[in-house]
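Listing of data-v4.txt, compact mmCIF, N, CA and C atoms
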# COMPACT_ATOMS: atom_id res chain seq x y z
N MET A 68 41.51 164.96 159.37
CA MET A 68 41.59 164.78 160.80
C MET A 68 41.56 166.16 161.47
N THR A 69 40.76 166.28 162.51
CA THR A 69 40.69 167.55 163.24
C THR A 69 41.87 167.65 164.20
N ASP A 70 42.13 168.87 164.68
CA ASP A 70 43.20 169.06 165.65
C ASP A 70 42.91 168.32 166.95
N ILE A 71 41.63 168.22 167.32
CA ILE A 71 41.27 167.49 168.54
C ILE A 71 41.61 166.01 168.39
N GLU A 72 41.30 165.42 167.23
CA GLU A 72 41.64 164.02 166.97
C GLU A 72 43.16 163.82 166.93
N LEU A 73 43.86 164.77 166.35
CA LEU A 73 45.32 164.71 166.29
C LEU A 73 45.92 164.69 167.68
N VAL A 74 45.45 165.59 168.54
CA VAL A 74 45.96 165.64 169.92
C VAL A 74 45.68 164.32 170.64
N ALA A 75 44.50 163.75 170.46
CA ALA A 75 44.16 162.47 171.10
C ALA A 75 45.11 161.36 170.64
N GLN A 76 45.42 161.32 169.35
CA GLN A 76 46.34 160.30 168.83
C GLN A 76 47.76 160.53 169.35
N LEU A 77 48.18 161.77 169.45
CA LEU A 77 49.51 162.07 169.97
C LEU A 77 49.60 161.74 171.46
N GLU A 78 48.53 162.00 172.21
CA GLU A 78 48.50 161.61 173.63
C GLU A 78 48.66 160.10 173.76
N GLU A 79 47.92 159.36 172.96
CA GLU A 79 47.99 157.90 173.01
C GLU A 79 49.40 157.40 172.71
N ARG A 80 49.99 157.94 171.67
CA ARG A 80 51.33 157.51 171.29
C ARG A 80 52.37 157.89 172.34
N SER A 81 52.19 159.03 172.99
CA SER A 81 53.18 159.47 173.97
C SER A 81 53.19 158.61 175.23
N ARG A 82 52.12 157.86 175.48
CA ARG A 82 52.08 156.99 176.66
C ARG A 82 53.20 155.95 176.63
N ASN A 83 53.62 155.58 175.45
CA ASN A 83 54.67 154.56 175.30
C ASN A 83 56.07 155.16 175.20
N HIS A 84 56.17 156.47 175.36
CA HIS A 84 57.47 157.15 175.22
C HIS A 84 57.65 158.13 176.37
N ALA A 85 57.95 157.59 177.54
CA ALA A 85 58.03 158.40 178.76
C ALA A 85 59.19 159.40 178.75
N ASP A 86 60.10 159.26 177.82
CA ASP A 86 61.24 160.18 177.77
C ASP A 86 61.09 161.21 176.65
N ARG A 87 59.86 161.41 176.17
CA ARG A 87 59.59 162.37 175.10
C ARG A 87 58.49 163.33 175.50
N VAL A 88 58.64 164.57 175.09
CA VAL A 88 57.63 165.61 175.30
C VAL A 88 57.31 166.20 173.94
N LEU A 89 56.05 166.36 173.66
CA LEU A 89 55.62 167.00 172.42
C LEU A 89 55.21 168.42 172.73
N ARG A 90 55.69 169.36 171.93
CA ARG A 90 55.26 170.75 172.07
C ARG A 90 54.54 171.14 170.79
N LEU A 91 53.27 171.51 170.94
CA LEU A 91 52.46 171.96 169.82
C LEU A 91 52.20 173.45 169.99
N GLN A 92 52.39 174.19 168.91
CA GLN A 92 52.17 175.63 168.97
C GLN A 92 51.20 176.05 167.87
N GLY A 93 50.46 177.09 168.15
CA GLY A 93 49.50 177.61 167.19
C GLY A 93 48.91 178.89 167.71
N VAL A 94 47.64 179.11 167.37
CA VAL A 94 46.95 180.33 167.79
C VAL A 94 45.51 179.99 168.17
N VAL A 95 44.97 180.81 169.05
CA VAL A 95 43.54 180.82 169.36
C VAL A 95 43.09 182.22 168.98
N GLY A 96 42.46 182.33 167.83
CA GLY A 96 42.16 183.66 167.29
C GLY A 96 43.46 184.31 166.89
N VAL A 97 43.87 185.34 167.62
CA VAL A 97 45.15 186.01 167.36
C VAL A 97 46.16 185.78 168.49
N GLU A 98 45.73 185.08 169.55
CA GLU A 98 46.61 184.83 170.70
C GLU A 98 47.47 183.60 170.46
N PRO A 99 48.76 183.65 170.84
CA PRO A 99 49.62 182.46 170.75
C PRO A 99 49.08 181.36 171.66
N PHE A 100 49.26 180.12 171.23
CA PHE A 100 48.81 178.95 172.00
C PHE A 100 49.93 177.93 172.02
N GLU A 101 50.16 177.31 173.20
CA GLU A 101 51.16 176.24 173.31
C GLU A 101 50.58 175.12 174.16
N LEU A 102 50.80 173.88 173.70
CA LEU A 102 50.33 172.69 174.40
C LEU A 102 51.50 171.73 174.53
N LEU A 103 51.70 171.20 175.72
CA LEU A 103 52.71 170.16 175.95
C LEU A 103 52.00 168.84 176.19
N ILE A 104 52.53 167.77 175.60
CA ILE A 104 51.99 166.42 175.81
C ILE A 104 53.12 165.57 176.38
N PHE A 105 52.86 164.96 177.53
CA PHE A 105 53.87 164.14 178.22
C PHE A 105 53.17 162.96 178.86
N ARG A 106 53.64 161.75 178.54
CA ARG A 106 53.09 160.52 179.11
C ARG A 106 51.57 160.40 178.97
N GLY A 107 51.06 160.85 177.83
CA GLY A 107 49.65 160.70 177.55
C GLY A 107 48.76 161.81 178.03
N PHE A 108 49.33 162.84 178.66
CA PHE A 108 48.54 163.94 179.19
C PHE A 108 48.93 165.25 178.53
N SER A 109 47.94 166.10 178.30
CA SER A 109 48.16 167.40 177.68
C SER A 109 47.91 168.51 178.68
N SER A 110 48.70 169.57 178.54
CA SER A 110 48.51 170.75 179.36
C SER A 110 48.94 171.98 178.56
N SER A 111 48.10 172.98 178.56
CA SER A 111 48.43 174.22 177.87
C SER A 111 49.28 175.09 178.78
N THR A 112 50.31 175.71 178.21
CA THR A 112 51.13 176.64 178.97
C THR A 112 50.66 178.07 178.80
N THR A 113 49.70 178.29 177.90
CA THR A 113 49.25 179.64 177.61
C THR A 113 47.78 179.89 177.92
N HIS A 114 47.01 178.83 178.10
CA HIS A 114 45.57 178.95 178.35
C HIS A 114 45.18 177.96 179.45
N PRO A 115 44.08 178.23 180.17
CA PRO A 115 43.65 177.29 181.21
C PRO A 115 43.36 175.90 180.64
N THR A 116 43.71 174.88 181.41
CA THR A 116 43.43 173.50 181.04
C THR A 116 42.39 172.97 182.04
N ARG A 117 41.33 172.36 181.53
CA ARG A 117 40.29 171.83 182.40
C ARG A 117 40.80 170.62 183.19
N PHE A 118 40.19 170.40 184.35
CA PHE A 118 40.55 169.26 185.19
C PHE A 118 39.91 167.97 184.69
N ASP A 119 38.90 168.08 183.84
CA ASP A 119 38.18 166.93 183.32
C ASP A 119 39.00 166.27 182.20
N PRO A 120 39.51 165.04 182.41
CA PRO A 120 40.33 164.40 181.38
C PRO A 120 39.56 164.05 180.11
N ASP A 121 38.23 164.06 180.17
CA ASP A 121 37.43 163.77 178.98
C ASP A 121 37.10 165.02 178.17
N ALA A 122 37.42 166.20 178.70
CA ALA A 122 37.15 167.46 178.01
C ALA A 122 38.29 167.76 177.03
N ALA A 123 37.96 168.41 175.94
CA ALA A 123 38.98 168.80 174.96
C ALA A 123 39.94 169.81 175.58
N VAL A 124 41.23 169.64 175.28
CA VAL A 124 42.24 170.55 175.82
C VAL A 124 42.46 171.76 174.92
N LEU A 125 41.90 171.71 173.72
CA LEU A 125 42.07 172.82 172.80
C LEU A 125 40.89 173.79 172.94
N PRO A 126 41.16 175.06 173.23
CA PRO A 126 40.08 176.02 173.25
C PRO A 126 39.43 176.15 171.87
N LYS A 127 38.17 176.53 171.86
CA LYS A 127 37.45 176.71 170.59
C LYS A 127 38.21 177.72 169.73
N GLY A 128 38.39 177.38 168.46
CA GLY A 128 39.08 178.27 167.53
C GLY A 128 40.59 178.06 167.45
N THR A 129 41.11 177.03 168.12
CA THR A 129 42.56 176.77 168.09
C THR A 129 42.98 176.23 166.73
N VAL A 130 44.08 176.76 166.22
CA VAL A 130 44.69 176.27 165.00
C VAL A 130 46.14 175.90 165.35
N LEU A 131 46.46 174.61 165.23
CA LEU A 131 47.84 174.15 165.50
C LEU A 131 48.67 174.31 164.24
N ARG A 132 49.86 174.89 164.39
CA ARG A 132 50.70 175.18 163.23
C ARG A 132 52.05 174.50 163.24
N CYS A 133 52.57 174.19 164.42
CA CYS A 133 53.95 173.73 164.51
C CYS A 133 54.08 172.72 165.65
N ALA A 134 54.99 171.76 165.48
CA ALA A 134 55.22 170.76 166.52
C ALA A 134 56.71 170.48 166.65
N GLU A 135 57.11 170.12 167.86
CA GLU A 135 58.48 169.70 168.13
C GLU A 135 58.44 168.48 169.05
N LEU A 136 59.39 167.61 168.85
CA LEU A 136 59.58 166.46 169.73
C LEU A 136 60.81 166.76 170.57
N LEU A 137 60.64 166.74 171.89
CA LEU A 137 61.71 167.11 172.82
C LEU A 137 62.08 165.93 173.70
N LEU A 138 63.32 165.93 174.16
CA LEU A 138 63.75 164.94 175.14
C LEU A 138 63.18 165.34 176.50
N GLY A 139 62.55 164.41 177.17
CA GLY A 139 61.95 164.71 178.46
C GLY A 139 62.70 164.04 179.59
N PRO A 140 62.47 164.46 180.79
CA PRO A 140 61.65 165.61 181.14
C PRO A 140 62.34 166.92 180.76
N LEU A 141 61.55 167.98 180.65
CA LEU A 141 62.09 169.27 180.23
C LEU A 141 62.88 169.93 181.35
N THR A 142 63.96 170.58 180.96
CA THR A 142 64.76 171.38 181.87
C THR A 142 64.76 172.80 181.32
N PRO A 143 64.17 173.76 182.04
CA PRO A 143 64.12 175.12 181.53
C PRO A 143 65.51 175.63 181.15
N GLY A 144 65.60 176.20 179.97
CA GLY A 144 66.86 176.75 179.49
C GLY A 144 67.80 175.74 178.88
N ASP A 145 67.44 174.44 178.94
CA ASP A 145 68.31 173.40 178.40
C ASP A 145 67.47 172.32 177.72
N GLU A 146 66.70 172.74 176.72
CA GLU A 146 65.83 171.81 176.00
C GLU A 146 66.60 171.12 174.88
N SER A 147 66.35 169.83 174.71
CA SER A 147 66.94 169.07 173.62
C SER A 147 65.84 168.75 172.60
N VAL A 148 65.90 169.44 171.46
CA VAL A 148 64.92 169.23 170.40
C VAL A 148 65.38 168.04 169.56
N LEU A 149 64.56 166.99 169.50
CA LEU A 149 64.90 165.78 168.75
C LEU A 149 64.38 165.83 167.32
N ALA A 150 63.27 166.54 167.11
CA ALA A 150 62.69 166.66 165.77
C ALA A 150 61.82 167.90 165.72
N GLY A 151 61.82 168.55 164.57
CA GLY A 151 60.99 169.71 164.36
C GLY A 151 61.81 170.98 164.35
N PRO A 152 61.14 172.06 164.12
CA PRO A 152 59.71 172.21 163.98
C PRO A 152 59.19 171.59 162.68
N MET A 153 57.93 171.14 162.76
CA MET A 153 57.27 170.47 161.64
C MET A 153 55.77 170.62 161.79
N PRO A 154 55.01 170.32 160.73
CA PRO A 154 53.55 170.30 160.89
C PRO A 154 53.16 169.24 161.93
N PRO A 155 52.20 169.53 162.81
CA PRO A 155 51.84 168.59 163.87
C PRO A 155 51.52 167.17 163.39
N ALA A 156 50.84 167.02 162.28
CA ALA A 156 50.48 165.69 161.80
C ALA A 156 51.71 164.86 161.42
N ASP A 157 52.82 165.51 161.12
CA ASP A 157 54.04 164.79 160.77
C ASP A 157 54.59 163.98 161.95
N LEU A 158 54.24 164.36 163.18
CA LEU A 158 54.70 163.58 164.33
C LEU A 158 54.11 162.18 164.34
N LEU A 159 52.88 162.03 163.82
CA LEU A 159 52.27 160.71 163.76
C LEU A 159 52.95 159.83 162.71
N ALA A 160 53.49 160.45 161.67
CA ALA A 160 54.12 159.71 160.58
C ALA A 160 55.52 159.22 160.93
N GLN A 161 56.12 159.81 161.96
CA GLN A 161 57.48 159.41 162.33
C GLN A 161 57.46 158.03 162.96
N ALA A 162 58.23 157.12 162.38
CA ALA A 162 58.27 155.75 162.88
C ALA A 162 59.04 155.63 164.17
N ASP A 163 60.08 156.41 164.34
CA ASP A 163 60.94 156.29 165.51
C ASP A 163 60.94 157.61 166.28
N TRP A 164 60.54 157.54 167.53
CA TRP A 164 60.57 158.72 168.39
C TRP A 164 61.81 158.63 169.24
How would this structure read if it were set down as structure tokens?
Amino acid sequence: MTDIELVAQLEERSRNHADRVLRLQGVVGVEPFELLIFRGFSSSTTHPTRFDPDAAVLPKGTVLRCAELLLGPLTPGDESVLAGPMPPADLLAQADW
């Protein structure tokens, strides 16, 4: 499974969990990369995100390395990590979010 397919599956699953935020971290080349997924939508906190919902949210060359499941909505400085860090694909294997 590619990282783009993984993100699409995580977006789909997050639609049913409005109180959860997924944080995916990795790199684009040598630059740090972070993506948040909430209620089926993805947005990068480190790189521009296109306005086109059909366009891939991962810049070319992105490698996802780590994922966390957080209690949403996020409150800066007071995050509740429910699971992780873990490999991103492990979030799909978790039966209970």
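Near segment 84-94 of chain A, within a cut-off of 6 Å and counting all atoms listed in the file, sit the residues Pro99, Phe100, Glu101, Leu102, Leu103, Ile104, Phe105, Arg106, Gly128, Thr129, Val130, Leu131, Arg132, Cys133, Ala134, Glu135, Leu136, Leu137, Leu138, Gly139 and Pro140 of chain A, with same-chain residues fewer than 5 positions away left out.
Across the structure, atom C of Leu159 of chain A and atom N of Leu125 of chain A are spaced 19.6 Å apart.
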Between A:His114, A:Pro152, A:Gly96, A:Gly107, which one has atoms that come closest to Asn83 of chain A, using only N, CA and C atoms?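 Once distances to Asn83 of chain A are computed over only N, CA and C atoms, the minimum belongs to A:Gly107.
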What parts of segment 92-155 of chain A does DSSP call strand (DSSP E)? I'd like the answer as a PyMOL selection string. chain A and resi 92-95+98-105+108-111+129-138+148-153
Any chance you can output those residues with N, CA and C atoms as a compact mmCIF listing (two decimals), in the coordinates of the input?
# COMPACT_ATOMS: atom_id res chain seq x y z
N GLN A 92 52.39 174.19 168.91
CA GLN A 92 52.17 175.63 168.97
C GLN A 92 51.20 176.05 167.87
N GLY A 93 50.46 177.09 168.15
CA GLY A 93 49.50 177.61 167.19
C GLY A 93 48.91 178.89 167.71
N VAL A 94 47.64 179.11 167.37
CA VAL A 94 46.95 180.33 167.79
C VAL A 94 45.51 179.99 168.17
N VAL A 95 44.97 180.81 169.05
CA VAL A 95 43.54 180.82 169.36
C VAL A 95 43.09 182.22 168.98
N GLU A 98 45.73 185.08 169.55
CA GLU A 98 46.61 184.83 170.70
C GLU A 98 47.47 183.60 170.46
N PRO A 99 48.76 183.65 170.84
CA PRO A 99 49.62 182.46 170.75
C PRO A 99 49.08 181.36 171.66
N PHE A 100 49.26 180.12 171.23
CA PHE A 100 48.81 178.95 172.00
C PHE A 100 49.93 177.93 172.02
N GLU A 101 50.16 177.31 173.20
CA GLU A 101 51.16 176.24 173.31
C GLU A 101 50.58 175.12 174.16
N LEU A 102 50.80 173.88 173.70
CA LEU A 102 50.33 172.69 174.40
C LEU A 102 51.50 171.73 174.53
N LEU A 103 51.70 171.20 175.72
CA LEU A 103 52.71 170.16 175.95
C LEU A 103 52.00 168.84 176.19
N ILE A 104 52.53 167.77 175.60
CA ILE A 104 51.99 166.42 175.81
C ILE A 104 53.12 165.57 176.38
N PHE A 105 52.86 164.96 177.53
CA PHE A 105 53.87 164.14 178.22
C PHE A 105 53.17 162.96 178.86
N PHE A 108 49.33 162.84 178.66
CA PHE A 108 48.54 163.94 179.19
C PHE A 108 48.93 165.25 178.53
N SER A 109 47.94 166.10 178.30
CA SER A 109 48.16 167.40 177.68
C SER A 109 47.91 168.51 178.68
N SER A 110 48.70 169.57 178.54
CA SER A 110 48.51 170.75 179.36
C SER A 110 48.94 171.98 178.56
N SER A 111 48.10 172.98 178.56
CA SER A 111 48.43 174.22 177.87
C SER A 111 49.28 175.09 178.78
N THR A 129 41.11 177.03 168.12
CA THR A 129 42.56 176.77 168.09
C THR A 129 42.98 176.23 166.73
N VAL A 130 44.08 176.76 166.22
CA VAL A 130 44.69 176.27 165.00
C VAL A 130 46.14 175.90 165.35
N LEU A 131 46.46 174.61 165.23
CA LEU A 131 47.84 174.15 165.50
C LEU A 131 48.67 174.31 164.24
N ARG A 132 49.86 174.89 164.39
CA ARG A 132 50.70 175.18 163.23
C ARG A 132 52.05 174.50 163.24
N CYS A 133 52.57 174.19 164.42
CA CYS A 133 53.95 173.73 164.51
C CYS A 133 54.08 172.72 165.65
N ALA A 134 54.99 171.76 165.48
CA ALA A 134 55.22 170.76 166.52
C ALA A 134 56.71 170.48 166.65
N GLU A 135 57.11 170.12 167.86
CA GLU A 135 58.48 169.70 168.13
C GLU A 135 58.44 168.48 169.05
N LEU A 136 59.39 167.61 168.85
CA LEU A 136 59.58 166.46 169.73
C LEU A 136 60.81 166.76 170.57
N LEU A 137 60.64 166.74 171.89
CA LEU A 137 61.71 167.11 172.82
C LEU A 137 62.08 165.93 173.70
N LEU A 138 63.32 165.93 174.16
CA LEU A 138 63.75 164.94 175.14
C LEU A 138 63.18 165.34 176.50
N VAL A 148 65.90 169.44 171.46
CA VAL A 148 64.92 169.23 170.40
C VAL A 148 65.38 168.04 169.56
N LEU A 149 64.56 166.99 169.50
CA LEU A 149 64.90 165.78 168.75
C LEU A 149 64.38 165.83 167.32
N ALA A 150 63.27 166.54 167.11
CA ALA A 150 62.69 166.66 165.77
C ALA A 150 61.82 167.90 165.72
N GLY A 151 61.82 168.55 164.57
CA GLY A 151 60.99 169.71 164.36
C GLY A 151 61.81 170.98 164.35
N PRO A 152 61.14 172.06 164.12
CA PRO A 152 59.71 172.21 163.98
C PRO A 152 59.19 171.59 162.68
N MET A 153 57.93 171.14 162.76
CA MET A 153 57.27 170.47 161.64
C MET A 153 55.77 170.62 161.79
Here atom N of Ser81 of chain A and atom CA of Ser111 of chain A stand apart by 16.4 Å
By how many Å are atom CA of Thr142 of chain A and atom CA of Ala160 of chain A apart?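 Going from atom CA of Thr142 of chain A over to atom CA of Ala160 of chain A, I get 26.5 Å.
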Pull the alpha helix (DSSP H) assignments for chain A out of DSSP run on the backbone, and list those residues as a ChimeraX atom specification. /A:70-81,157-160
